[in-house]
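Student: I am sharing protein30.txt, which consists of compact mmCIF, C-alpha atoms:
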# COMPACT_ATOMS: atom_id res chain seq x y z
CA MET A 1 18.04 -12.98 -9.07
CA LEU A 2 20.66 -10.27 -9.31
CA GLU A 3 23.54 -10.20 -6.85
CA PHE A 4 24.01 -7.48 -4.25
CA ASP A 5 25.44 -6.82 -0.81
CA PHE A 6 22.88 -6.30 1.92
CA LEU A 7 23.02 -3.75 4.74
CA GLN A 8 20.44 -3.29 7.47
CA PRO A 9 20.83 -0.06 9.45
CA GLN A 10 18.82 0.07 12.67
CA SER A 11 18.52 3.87 12.89
CA LEU A 12 18.39 6.96 10.68
CA ALA A 13 21.97 7.83 11.75
CA GLU A 14 23.21 4.37 10.70
CA LEU A 15 21.27 4.70 7.42
CA MET A 16 23.07 7.97 6.59
CA VAL A 17 26.45 6.33 7.18
CA ALA A 18 25.50 3.27 5.09
CA LEU A 19 24.35 5.42 2.15
CA ASP A 20 27.45 7.64 2.26
CA GLU A 21 29.82 4.68 2.44
CA THR A 22 28.23 2.45 -0.20
CA GLY A 23 26.10 4.65 -2.47
CA GLY A 24 23.56 1.84 -2.05
CA SER A 25 19.90 1.79 -3.07
CA ILE A 26 17.10 1.75 -0.55
CA LEU A 27 14.89 -1.28 0.00
CA ALA A 28 11.78 -0.64 2.12
CA GLY A 29 8.69 -2.86 1.80
CA GLY A 30 10.09 -4.53 -1.32
CA THR A 31 6.74 -4.77 -3.10
CA ASP A 32 8.05 -2.75 -6.07
CA VAL A 33 11.83 -3.22 -5.79
CA ILE A 34 11.88 -7.04 -5.62
CA PRO A 35 9.68 -7.73 -8.69
CA ARG A 36 11.66 -5.08 -10.60
CA MET A 37 14.96 -6.72 -9.66
CA ARG A 38 13.59 -10.12 -10.66
CA SER A 39 12.63 -8.70 -14.08
CA ASN A 40 16.06 -7.07 -14.49
CA LEU A 41 14.44 -3.62 -14.49
CA PHE A 42 16.42 -2.50 -11.46
CA SER A 43 19.81 -3.42 -10.06
CA ALA A 44 22.02 -2.26 -7.19
CA SER A 45 25.45 -3.32 -5.99
CA THR A 46 24.30 -2.67 -2.41
CA LEU A 47 20.76 -2.79 -1.05
CA VAL A 48 20.21 -0.83 2.15
CA ASP A 49 17.19 -2.31 3.91
CA VAL A 50 15.37 0.38 5.90
CA SER A 51 12.56 -1.86 7.13
CA LYS A 52 13.98 -2.07 10.68
CA ILE A 53 14.23 1.72 11.21
CA GLY A 54 11.34 2.17 13.62
CA GLU A 55 11.87 5.90 14.07
CA LEU A 56 10.56 6.53 10.52
CA SER A 57 7.28 4.72 11.12
CA PHE A 58 4.69 6.95 12.79
CA ILE A 59 1.60 9.09 12.26
CA GLU A 60 1.42 12.13 14.54
CA GLU A 61 -0.40 15.43 14.89
CA ARG A 62 1.80 18.39 15.88
CA ALA A 63 0.03 21.75 16.29
CA GLY A 64 -2.55 21.21 13.54
CA GLU A 65 0.01 19.56 11.26
CA ILE A 66 -0.26 15.85 10.39
CA VAL A 67 3.21 14.28 10.11
CA ILE A 68 3.73 10.80 8.64
CA GLY A 69 7.03 8.89 8.74
CA ALA A 70 8.23 7.57 5.39
CA LEU A 71 8.22 3.94 6.56
CA THR A 72 4.57 3.95 7.62
CA THR A 73 2.86 1.08 5.79
CA HIS A 74 -0.33 1.33 3.78
CA ALA A 75 -1.99 -0.92 6.38
CA GLU A 76 -1.02 1.58 9.10
CA LEU A 77 -2.34 4.51 7.02
CA MET A 78 -5.72 2.84 6.44
CA ASN A 79 -6.14 1.95 10.12
CA SER A 80 -5.12 5.35 11.54
CA GLU A 81 -7.78 7.19 13.55
CA VAL A 82 -5.81 10.45 13.20
CA LEU A 83 -5.88 10.16 9.41
CA ARG A 84 -9.53 9.10 9.35
CA SER A 85 -10.41 12.41 10.99
CA ALA A 86 -7.80 14.56 9.17
CA ASN A 87 -7.66 13.09 5.65
CA PRO A 88 -10.27 10.39 4.93
CA ALA A 89 -9.29 10.50 1.25
CA LEU A 90 -5.81 9.25 2.17
CA VAL A 91 -7.29 6.45 4.29
CA ASP A 92 -9.48 5.32 1.37
CA ALA A 93 -6.55 5.56 -1.05
CA ALA A 94 -4.30 3.47 1.21
CA ALA A 95 -7.07 0.88 1.54
CA SER A 96 -7.26 0.64 -2.26
CA VAL A 97 -3.57 -0.22 -2.67
CA GLY A 98 -2.91 -3.81 -3.83
CA CYS A 99 -4.14 -6.39 -1.34
CA ASN A 100 -3.68 -6.97 2.40
CA GLN A 101 -0.33 -8.72 1.87
CA THR A 102 1.17 -5.82 -0.09
CA ARG A 103 -0.38 -3.15 2.17
CA GLN A 104 1.31 -4.81 5.16
CA ARG A 105 4.75 -4.36 3.54
CA GLY A 106 4.50 -1.41 1.14
CA THR A 107 5.34 1.99 2.63
CA LEU A 108 4.25 5.57 2.01
CA GLY A 109 7.87 6.57 1.27
CA GLY A 110 8.15 3.74 -1.24
CA ASN A 111 4.92 4.77 -2.95
CA LEU A 112 6.30 8.32 -3.34
CA ALA A 113 9.86 7.31 -4.35
CA ASN A 114 8.45 4.95 -6.97
CA ALA A 115 6.88 8.06 -8.55
CA SER A 116 4.18 6.26 -10.48
CA PRO A 117 1.58 8.58 -12.03
CA ALA A 118 -0.89 6.00 -10.65
CA ALA A 119 0.42 6.12 -7.04
CA ASP A 120 -2.70 5.92 -4.89
CA THR A 121 -1.47 7.96 -1.93
CA VAL A 122 -0.43 10.97 -4.01
CA PRO A 123 -3.77 12.60 -5.04
CA PRO A 124 -5.06 12.76 -1.43
CA LEU A 125 -1.75 14.28 -0.31
CA LEU A 126 -1.70 16.86 -3.11
CA VAL A 127 -5.18 18.15 -2.25
CA PHE A 128 -3.91 18.79 1.28
CA ASP A 129 -0.89 20.74 -0.08
CA ALA A 130 1.46 18.17 1.48
CA GLN A 131 5.16 18.83 1.95
CA VAL A 132 7.90 16.23 1.83
CA ARG A 133 11.02 16.42 4.00
CA LEU A 134 14.21 14.97 2.48
CA VAL A 135 17.35 14.32 4.49
CA SER A 136 20.92 13.31 3.78
CA SER A 137 23.96 13.15 6.05
CA ASP A 138 24.78 16.84 5.54
CA SER A 139 21.53 18.51 4.52
CA GLU A 140 17.80 18.55 4.88
CA ARG A 141 15.17 20.29 2.83
CA THR A 142 11.41 20.48 2.61
CA LEU A 143 9.59 20.91 -0.66
CA PRO A 144 5.98 20.84 -1.81
CA LEU A 145 5.15 17.23 -2.69
CA ILE A 146 3.87 18.33 -6.09
CA ASP A 147 7.40 19.58 -6.94
CA PHE A 148 8.99 16.30 -5.77
CA PHE A 149 7.74 14.44 -8.86
CA VAL A 150 9.46 15.08 -12.17
CA GLY A 151 7.99 12.34 -14.38
CA PRO A 152 7.13 8.64 -14.37
CA GLY A 153 9.64 7.01 -11.97
CA LYS A 154 11.56 10.28 -11.60
CA THR A 155 11.82 12.48 -8.50
CA ARG A 156 14.03 15.25 -7.14
CA LEU A 157 15.53 12.83 -4.60
CA GLY A 158 19.31 13.28 -4.68
CA PRO A 159 21.97 10.60 -4.26
CA ALA A 160 22.26 9.48 -0.62
CA GLU A 161 19.10 11.45 0.16
CA VAL A 162 16.05 9.79 1.74
CA ILE A 163 12.41 10.65 2.26
CA HIS A 164 12.01 11.39 5.97
CA THR A 165 8.43 12.54 6.49
CA VAL A 166 5.36 13.82 4.69
CA SER A 167 3.23 16.48 6.36
CA PHE A 168 0.11 18.50 5.69
CA PRO A 169 -2.04 20.95 7.67
CA ARG A 170 -5.38 19.78 9.04
CA LEU A 171 -8.32 21.51 7.34
CA THR A 172 -10.71 23.34 9.66
CA GLY A 173 -14.30 24.54 9.53
CA ALA A 174 -16.76 23.04 7.07
CA TRP A 175 -14.59 20.80 4.91
CA GLY A 176 -14.69 17.47 3.13
CA ALA A 177 -12.25 15.27 1.25
CA ALA A 178 -12.75 12.23 -0.97
CA PHE A 179 -10.83 9.72 -3.08
CA GLN A 180 -12.15 7.90 -6.15
CA LYS A 181 -10.41 5.25 -8.23
CA ILE A 182 -11.20 3.06 -11.20
CA GLY A 183 -9.15 -0.07 -11.83
CA LYS A 184 -9.62 -3.23 -13.85
CA ARG A 185 -11.20 -4.87 -10.81
CA SER A 186 -11.89 -3.75 -7.26
CA GLY A 187 -9.01 -5.67 -5.59
CA MET A 188 -5.31 -5.74 -6.49
CA ALA A 189 -5.80 -3.08 -9.16
CA ILE A 190 -3.47 -0.33 -10.28
CA ALA A 191 -5.47 2.83 -10.97
CA VAL A 192 -6.68 3.41 -14.53
CA VAL A 193 -7.72 6.83 -13.25
CA SER A 194 -7.82 8.20 -9.71
CA ALA A 195 -9.08 11.47 -8.27
CA ALA A 196 -8.99 13.22 -4.91
CA ALA A 197 -10.88 16.35 -3.95
CA ALA A 198 -10.88 18.62 -0.91
CA VAL A 199 -13.43 21.38 -0.41
CA VAL A 200 -13.82 24.04 2.29
CA LEU A 201 -17.07 26.04 2.60
CA ASP A 202 -17.54 29.40 4.32
CA GLU A 203 -20.40 30.11 6.75
CA THR A 204 -22.77 30.94 3.86
CA GLY A 205 -22.06 27.63 2.17
CA LYS A 206 -19.92 29.11 -0.61
CA VAL A 207 -16.67 27.45 -1.61
CA SER A 208 -13.70 29.16 0.03
CA ASP A 209 -11.22 26.52 -1.17
CA ALA A 210 -11.56 23.81 -3.82
CA ARG A 211 -8.79 21.40 -4.69
CA LEU A 212 -8.70 18.55 -7.19
CA ALA A 213 -5.88 16.12 -8.03
CA LEU A 214 -5.98 13.49 -10.79
CA GLY A 215 -3.83 10.37 -11.10
CA SER A 216 -2.84 8.19 -14.10
CA VAL A 217 -3.74 10.93 -16.59
CA ALA A 218 -0.40 12.76 -16.96
CA PRO A 219 3.34 12.03 -16.42
CA THR A 220 2.83 12.85 -12.74
CA VAL A 221 -0.25 13.20 -10.56
CA VAL A 222 -1.58 16.69 -11.31
CA ARG A 223 -3.74 19.34 -9.67
CA SER A 224 -6.47 20.89 -11.80
CA PRO A 225 -6.47 24.71 -11.45
CA LYS A 226 -9.13 24.97 -14.17
CA ALA A 227 -11.59 22.87 -12.16
CA GLU A 228 -10.69 24.50 -8.85
CA SER A 229 -11.19 28.07 -10.11
CA ILE A 230 -14.73 27.32 -11.36
CA LEU A 231 -15.88 26.37 -7.84
CA GLN A 232 -13.95 29.09 -5.99
CA GLY A 233 -16.31 31.59 -4.30
CA GLN A 234 -19.43 29.88 -5.66
CA GLN A 235 -22.34 27.87 -4.28
CA PRO A 236 -21.35 24.25 -5.04
CA THR A 237 -24.47 23.17 -6.93
CA PRO A 238 -24.44 19.79 -8.71
CA LYS A 239 -24.49 21.70 -12.02
CA LEU A 240 -21.42 23.75 -11.12
CA ILE A 241 -19.60 20.68 -9.76
CA LYS A 242 -20.23 18.98 -13.11
CA ALA A 243 -18.88 22.01 -14.97
CA ALA A 244 -15.78 22.09 -12.79
CA ALA A 245 -15.21 18.36 -13.32
CA GLN A 246 -15.56 18.80 -17.09
CA ALA A 247 -13.00 21.60 -17.00
CA SER A 248 -10.43 19.27 -15.44
CA ALA A 249 -10.04 17.66 -18.88
CA GLY A 250 -8.04 20.77 -19.82
CA ASP A 251 -5.41 20.03 -17.20
CA ILE A 252 -4.60 16.42 -18.12
CA SER A 253 -2.73 14.64 -20.90
CA PRO A 254 -3.64 10.95 -20.68
CA ILE A 255 -1.98 8.27 -22.80
CA SER A 256 -3.01 4.80 -23.97
CA ASP A 257 -1.15 1.92 -22.29
CA VAL A 258 -1.65 -1.66 -21.10
CA ARG A 259 -4.34 -0.63 -18.64
CA SER A 260 -6.54 1.68 -20.68
CA THR A 261 -6.87 4.16 -23.53
CA ALA A 262 -6.34 7.91 -23.54
CA GLU A 263 -9.95 8.43 -24.64
CA TYR A 264 -11.38 6.35 -21.79
CA ARG A 265 -9.12 8.03 -19.26
CA ARG A 266 -10.13 11.51 -20.42
CA HIS A 267 -13.79 10.64 -19.93
CA ALA A 268 -13.33 8.70 -16.67
CA ALA A 269 -11.26 11.52 -15.15
CA THR A 270 -14.18 13.94 -15.42
CA VAL A 271 -16.57 11.34 -13.96
CA LEU A 272 -14.30 10.64 -10.98
CA ALA A 273 -13.62 14.35 -10.50
CA GLU A 274 -17.37 14.98 -10.27
CA ARG A 275 -17.88 12.13 -7.80
CA ALA A 276 -14.94 13.21 -5.64
CA PHE A 277 -16.05 16.86 -5.58
CA GLN A 278 -19.66 15.89 -4.80
CA GLN A 279 -18.60 13.54 -1.99
CA ALA A 280 -16.32 16.21 -0.50
CA VAL A 281 -19.03 18.90 -0.81
CA ASP A 282 -21.67 16.66 0.82
CA GLN A 283 -19.35 16.09 3.76
CA ALA A 284 -18.53 19.81 4.02
CA VAL A 285 -22.21 20.89 3.76
CA SER A 286 -23.04 18.72 6.77
CA LEU A 287 -20.53 20.76 8.78
CA VAL A 288 -21.64 24.29 7.77
CA GLY A 289 -22.69 26.11 10.92
CA ALA A 290 -21.75 23.09 13.05
CA MET B 1 28.03 -10.81 -2.68
CA LYS B 2 28.60 -11.32 1.04
CA SER B 3 26.58 -13.95 2.91
CA ILE B 4 24.44 -12.78 5.80
CA GLN B 5 23.50 -14.41 9.11
CA ILE B 6 19.80 -14.68 9.89
CA SER B 7 18.06 -15.64 13.11
CA PHE B 8 14.31 -15.93 13.16
CA VAL B 9 11.52 -18.07 14.51
CA VAL B 10 9.56 -20.40 12.23
CA ASN B 11 6.46 -22.08 13.61
CA GLY B 12 7.74 -21.53 17.14
CA LYS B 13 11.23 -22.93 16.54
CA ALA B 14 14.35 -20.73 16.52
CA VAL B 15 16.28 -20.97 13.25
CA THR B 16 19.74 -19.55 12.51
CA LEU B 17 21.25 -19.79 9.07
CA SER B 18 23.67 -18.20 6.65
CA SER B 19 22.43 -17.21 3.20
CA ALA B 20 23.19 -15.20 0.12
CA PRO B 21 21.18 -11.96 0.56
CA ASN B 22 19.40 -12.28 -2.79
CA ARG B 23 17.30 -15.23 -1.67
CA THR B 24 13.73 -14.69 -0.55
CA LEU B 25 11.96 -15.86 2.57
CA LEU B 26 9.96 -18.19 0.29
CA GLU B 27 13.11 -19.83 -1.11
CA ILE B 28 14.54 -20.34 2.38
CA LEU B 29 11.29 -21.82 3.72
CA ARG B 30 10.94 -24.22 0.80
CA ASP B 31 14.52 -25.14 -0.13
CA ASP B 32 16.41 -24.89 3.17
CA LEU B 33 13.76 -25.64 5.77
CA GLY B 34 11.69 -28.13 3.76
CA LEU B 35 8.46 -26.22 4.39
CA THR B 36 6.91 -26.60 0.94
CA GLY B 37 3.36 -25.53 1.83
CA ALA B 38 3.89 -21.94 0.66
CA LYS B 39 4.08 -21.97 -3.15
CA ASP B 40 5.43 -19.85 -5.97
CA ALA B 41 2.71 -19.47 -8.59
CA CYS B 42 3.12 -16.02 -10.18
CA GLY B 43 6.91 -16.01 -10.48
CA GLY B 44 7.59 -13.68 -7.59
CA GLU B 45 5.49 -10.64 -8.47
CA GLY B 46 3.21 -10.58 -5.45
CA GLU B 47 0.18 -11.12 -7.67
CA CYS B 48 -1.14 -14.54 -6.61
CA GLY B 49 -0.77 -14.92 -2.84
CA ALA B 50 0.20 -18.63 -3.06
CA CYS B 51 3.30 -17.86 -0.93
CA THR B 52 1.33 -16.12 1.84
CA VAL B 53 2.73 -16.70 5.33
CA ILE B 54 2.24 -14.72 8.53
CA MET B 55 5.25 -12.64 9.61
CA ASP B 56 5.02 -10.85 12.96
CA GLY B 57 1.23 -11.17 12.85
CA ALA B 58 0.74 -9.83 9.31
CA ALA B 59 -0.10 -11.83 6.17
CA ILE B 60 2.68 -11.18 3.66
CA ASN B 61 3.92 -12.57 0.36
CA ALA B 62 7.07 -14.56 1.22
CA CYS B 63 8.30 -14.05 -2.36
CA LEU B 64 8.52 -10.28 -1.71
CA VAL B 65 10.74 -10.46 1.37
CA PHE B 66 14.50 -10.81 1.02
CA ILE B 67 15.67 -13.18 3.72
CA GLY B 68 17.63 -10.45 5.52
CA GLN B 69 14.39 -8.58 6.07
CA ALA B 70 13.03 -11.56 8.02
CA ASP B 71 15.88 -11.38 10.55
CA GLY B 72 14.48 -11.21 14.07
CA SER B 73 10.92 -11.95 12.95
CA SER B 74 8.47 -14.69 13.84
CA VAL B 75 7.01 -16.56 10.86
CA GLU B 76 4.00 -18.88 10.79
CA THR B 77 3.42 -21.21 7.84
CA ILE B 78 0.67 -23.68 7.02
CA GLU B 79 2.84 -26.45 8.53
CA GLY B 80 2.59 -24.76 11.95
CA LEU B 81 -1.21 -24.70 12.08
CA GLU B 82 -1.97 -28.24 13.22
CA ASP B 83 -1.62 -28.92 16.91
CA ASN B 84 -0.49 -32.46 17.86
CA GLY B 85 -2.24 -33.97 14.86
CA ASN B 86 -5.38 -31.85 15.28
CA LEU B 87 -6.13 -29.69 12.28
CA HIS B 88 -6.76 -25.96 12.74
CA PRO B 89 -10.48 -25.09 12.28
CA LEU B 90 -9.63 -23.42 8.94
CA GLN B 91 -7.92 -26.58 7.68
CA ARG B 92 -10.95 -28.64 8.67
CA THR B 93 -13.60 -26.30 7.23
CA PHE B 94 -11.70 -26.01 3.93
CA VAL B 95 -12.00 -29.79 3.60
CA GLU B 96 -15.62 -29.89 4.80
CA ALA B 97 -16.77 -27.06 2.52
CA GLY B 98 -15.00 -28.46 -0.53
CA ALA B 99 -12.87 -25.30 -0.73
CA VAL B 100 -9.83 -27.31 -1.86
CA GLN B 101 -9.63 -28.53 -5.42
CA CYS B 102 -6.16 -28.71 -6.96
CA GLY B 103 -4.82 -27.39 -3.66
CA TYR B 104 -2.00 -25.25 -5.01
CA CYS B 105 -3.36 -21.96 -3.66
CA THR B 106 -4.75 -23.49 -0.47
CA PRO B 107 -1.83 -22.94 1.97
CA GLY B 108 -1.66 -19.27 1.01
CA VAL B 109 -5.42 -18.83 1.17
CA ILE B 110 -5.59 -20.45 4.59
CA MET B 111 -2.76 -18.30 5.98
CA ALA B 112 -4.40 -15.13 4.58
CA SER B 113 -7.67 -16.32 6.16
CA LYS B 114 -5.96 -16.94 9.50
CA ALA B 115 -4.49 -13.42 9.51
CA LEU B 116 -7.97 -12.08 8.71
CA LEU B 117 -9.66 -14.02 11.54
CA ASP B 118 -6.88 -13.14 14.01
CA GLU B 119 -7.69 -9.47 13.41
CA ASN B 120 -11.42 -9.70 12.73
CA PRO B 121 -12.94 -12.85 14.28
CA ASN B 122 -16.39 -12.26 12.77
CA PRO B 123 -15.92 -10.89 9.23
CA SER B 124 -18.77 -10.27 6.79
CA ASN B 125 -18.65 -12.03 3.41
CA VAL B 126 -17.47 -8.74 1.88
CA GLU B 127 -14.67 -8.49 4.46
CA ILE B 128 -13.66 -12.10 3.73
CA ARG B 129 -13.52 -11.39 -0.01
CA GLU B 130 -11.54 -8.20 0.60
CA GLY B 131 -9.18 -10.02 2.99
CA LEU B 132 -8.53 -12.67 0.32
CA SER B 133 -8.33 -10.30 -2.67
CA GLY B 134 -4.58 -10.95 -2.90
CA ASN B 135 -5.05 -14.71 -3.30
CA LEU B 136 -5.90 -16.21 -6.66
CA CYS B 137 -7.70 -19.55 -7.01
CA ARG B 138 -8.30 -20.92 -10.49
CA CYS B 139 -10.46 -23.89 -9.43
CA THR B 140 -13.11 -23.09 -6.87
CA GLY B 141 -14.70 -19.84 -7.98
CA TYR B 142 -14.14 -18.63 -4.39
CA VAL B 143 -17.70 -19.33 -3.16
CA LYS B 144 -16.66 -22.39 -1.16
CA ILE B 145 -13.55 -20.63 0.12
CA VAL B 146 -15.68 -17.82 1.56
CA GLU B 147 -18.03 -20.44 3.01
CA ALA B 148 -15.10 -22.28 4.65
CA VAL B 149 -13.79 -19.08 6.25
CA ARG B 150 -17.32 -18.25 7.46
CA MET B 151 -17.63 -21.75 9.01
CA ALA B 152 -14.23 -21.49 10.69
CA ALA B 153 -15.10 -18.04 12.07
CA GLU B 154 -18.28 -19.44 13.62
CA GLU B 155 -16.45 -22.42 15.02
CA ILE B 156 -13.67 -20.32 16.53
CA SER B 157 -16.06 -17.76 18.04
CA HIS B 158 -18.12 -20.55 19.67
CA ALA B 159 -15.08 -22.40 20.99
In structure tokens, how does this file's structure come out?

Tutor:
Amino acid sequence: MLEFDFLQPQSLAELMVALDETGGSILAGGTDVIPRMRSNLFSASTLVDVSKIGELSFIEERAGEIVIGALTTHAELMNSEVLRSANPALVDAAASVGCNQTRQRGTLGGNLANASPAADTVPPLLVFDAQVRLVSSDSERTLPLIDFFVGPGKTRLGPAEVIHTVSFPRLTGAWGAAFQKIGKRSGMAIAVVSAAAAVVLDETGKVSDARLALGSVAPTVVRSPKAESILQGQQPTPKLIKAAAQASAGDISPISDVRSTAEYRRHAATVLAERAFQQAVDQAVSLVGA
Amino acid sequence: MKSIQISFVVNGKAVTLSSAPNRTLLEILRDDLGLTGAKDACGGEGECGACTVIMDGAAINACLVFIGQADGSSVETIEGLEDNGNLHPLQRTFVEAGAVQCGYCTPGVIMASKALLDENPNPSNVEIREGLSGNLCRCTGYVKIVEAVRMAAEEISHA
């Protein structure tokens, strides 16, 4: 195992000081960092362990806005009643991460900072137009989560800057949201393809807002404007949902790797897009006029 | 690399030690404390669950926790389950159901099962399989493991 000094700030203020003084790298749940260090894929002269900073672990609703602290674990996401009512796609995505042992340790902030195109929590956040708040000792900024990711493993996070919170507005009226994922098996699987959809219907049952995000099919998780625009303003019939899902193929650029082939991913993405849209529409339809 | 001081509780006993920070909870349990129940099977990737212990009530992979992160925590290992020579119901039902073959994965499987039953005392077979999806067993085919957890759940709920 590589050598490093170890710091353990107990608060956000102490974390800022530790990062400024050492230029250290952040260790949260460790489920990605520790295997990468063991394989010599990542090294740091100082590791700053944030796992004891309780003030960054919370899920709250503030005036219609859901706010999630960066150190909230996947287990906490999947067991949150607030999220079950506000973003069931995110609950299902968190439940699909790894296994119980890794969900107990792995954090939302870590999943985002890791910037995998297969990150399970990202598609359900993108279809809620989530924002991410980044802080350092002398600045803070909020940017759309979709702009936070630059490429595989690459984000806009600056040196000595940390992910503070992720937030998104609650949808209202007749809405639905769903997450779909295909892996090599149902447990402990990294996504071969993932999809999240959110749909809002007006009082006549027409689509007033359609959103689709696809994972593992491009350098970052992507939204699909082509699919979304086909449903916009229309009655969401199964035939139109299928057409929208098919159109999503124009917004992705899958590759072949250890987990799957580009060809399979291109096909599976349209299948999962259709299932996610249909599940979201079914949920929204049940709320029209309610 | 500066050493760090750690204080935590292992199977109810307070432990204080000094360690290099690049050692894992699993290494400390096995090499310093002589608790060799938790195993390393996948080489520290969090894939196999053989090192599963319970830390502050949650099943975790001890190979994915640097020892400094365990400071202030309470850890339960397979060695802490028996009570004055009496096996925990899970230990007994694993033997009775034939859920132990080579035994290498067993301590991790039992600790993952204990965390499951602590949270959900009456799990369905699907919930048991989901709760143990992070634990690999290359001998049993899992059927007898699920049966053993089921038996222990019934025994505990009728106790």

Student: I need the contact residues of chain B against chain A, so if you could list those with any atom within 7 Å, counting all atoms listed in the file, and return them as a ChimeraX atom specification, that would help.

Tutor: /B:1-2,21-22,44-45,58-61,64-65,131,133-134

Student: Would you list the contacts of Leu272 in chain A as a PDB file with C-alpha atoms, keeping the file's coordinate frame, taking every protein, DNA or RNA residue within 9 Å and counting all atoms listed in the file, but skipping same-chain residues closer than 5 positions in sequence?

Tutor:
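Listing of around.pdb after writing:
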ATOM      1  CA  PHE A 179     -10.830   9.720  -3.080  1.00  0.00           C
ATOM      2  CA  GLN A 180     -12.150   7.900  -6.150  1.00  0.00           C
ATOM      3  CA  LYS A 181     -10.410   5.250  -8.230  1.00  0.00           C
ATOM      4  CA  ILE A 182     -11.200   3.060 -11.200  1.00  0.00           C
ATOM      5  CA  VAL A 193      -7.720   6.830 -13.250  1.00  0.00           C
ATOM      6  CA  SER A 194      -7.820   8.200  -9.710  1.00  0.00           C
ATOM      7  CA  ALA A 195      -9.080  11.470  -8.270  1.00  0.00           C
ATOM      8  CA  ALA A 196      -8.990  13.220  -4.910  1.00  0.00           C
ATOM      9  CA  LEU A 214      -5.980  13.490 -10.790  1.00  0.00           C
ATOM     10  CA  ALA A 245     -15.210  18.360 -13.320  1.00  0.00           C
ATOM     11  CA  HIS A 267     -13.790  10.640 -19.930  1.00  0.00           C
ATOM     12  CA  PHE A 277     -16.050  16.860  -5.580  1.00  0.00           C
TER      13      PHE A 277
END

Student: Can you work out the spacing between CA of Val192 in chain A and CA of Leu83 in chain A in Å, to one decimal?

Tutor: 24.9 Å

Student: Can you pull out every residue within 9 Å of Val166 in chain A, counting only C-alpha atoms, but drop anything in the same chain fewer than 2 positions away, and send it as a list in words?

Tutor: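 In the requested format, the answer is Ile66, Val67, Ile68, Gly69, Ala70, Leu108, Gly109, Leu125, Ala130, Gln131, Val132, Arg133, Leu145, Ile163, His164 and Phe168 of chain A.
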
Student: Name all residues at most 10 Å from Ser85 in chain A (count all atoms listed in the file; drop same-chain ones fewer than 5 positions away) and give them as a list in words.

Tutor: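 The contact residues come out as Ser80, Val91 and Arg170 of chain A.
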
Student: Restrict the selected residues to C-alpha atoms and save them as a PDB file, in the frame of the given file.

Tutor:
ATOM      1  CA  SER A  80      -5.120   5.350  11.540  1.00  0.00           C
ATOM      2  CA  VAL A  91      -7.290   6.450   4.290  1.00  0.00           C
ATOM      3  CA  ARG A 170      -5.380  19.780   9.040  1.00  0.00           C
TER       4      ARG A 170
END

Student: Can you work out the spacing between CA of Glu55 in chain A and CA of Asn111 in chain A in Å, to one decimal?

Tutor: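 That distance, rounded to one decimal, is 18.4 Å.
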
Student: Write out as a PyMOL selection string the residues lying within 8 Å of Thr220 in chain A, counting only C-alpha atoms and excluding same-chain residues fewer than 2 positions away.

Tutor: chain A and resi 115-117+149-152+215-218+222

Student: Write out as an mmCIF file with C-alpha atoms, in the coordinates of the input which residues come within 10 Å of Glu155 in chain B when counting all atoms listed in the file, dropping same-chain ones fewer than 3 positions away.

Tutor:
data_model
loop_
_atom_site.group_PDB
_atom_site.id
_atom_site.type_symbol
_atom_site.label_atom_id
_atom_site.label_comp_id
_atom_site.auth_asym_id
_atom_site.auth_seq_id
_atom_site.Cartn_x
_atom_site.Cartn_y
_atom_site.Cartn_z
ATOM 1 C CA PRO B 89 -10.480 -25.090 12.280
ATOM 2 C CA LEU B 90 -9.630 -23.420 8.940
ATOM 3 C CA THR B 93 -13.600 -26.300 7.230
ATOM 4 C CA VAL B 149 -13.790 -19.080 6.250
ATOM 5 C CA ARG B 150 -17.320 -18.250 7.460
ATOM 6 C CA MET B 151 -17.630 -21.750 9.010
ATOM 7 C CA ALA B 152 -14.230 -21.490 10.690
ATOM 8 C CA HIS B 158 -18.120 -20.550 19.670
ATOM 9 C CA ALA B 159 -15.080 -22.400 20.990
#

Student: Kindly indicate which residue among A:Arg265, A:Lys154, A:Lys239, A:Lys226 lies nearest to Ala210 in chain A, using only C-alpha atoms for the distances.

Tutor: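 Of A:Arg265, A:Lys154, A:Lys239, A:Lys226, the one nearest Ala210 in chain A, counting only C-alpha atoms, is A:Lys226.
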
Student: In file coordinates, which residues lie within 7 Å of (-3.4, 6.3, -4.8) using all atoms listed in the file, given as a PyMOL selection string?

Tutor: chain A and resi 93-94+97+118-123+194

Student: At what distance in Å, to one decimal, does CA of Glu274 in chain A lie from CA of Val288 in chain A?

Tutor: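 Interatomic distance here is 20.7 Å.
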
Student: List every protein, DNA or RNA residue with an atom no more than 10 Å from (-1.9, -16.6, -3.1) in the file's coordinates, counting all atoms listed in the file, and format the result as a ChimeraX atom specification.

Tutor: /A:101 /B:38-42,46-53,60-61,104-112,132-137

Student: When you count all atoms listed in the file, which of these residues is closest to Ile156 in chain B: B:Cys139, B:His88, B:Gly80, B:Gly98?

Tutor: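 Ranking B:Cys139, B:His88, B:Gly80, B:Gly98 by distance to Ile156 in chain B, first place goes to B:His88.
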
Student: Calculated over all atoms listed in the file, which of the candidates A:Val135, A:Val258, A:Ala269, A:Ala44 has the smallest distance to Val162 in chain A?

Tutor: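 Nearest to Val162 in chain A: A:Val135.
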
Student: Restricting the calculation to only C-alpha atoms, which member of A:Ser11, A:Gln278, A:Ser43, A:Thr22 is positioned closest to Leu56 in chain A?

Tutor: A:Ser11
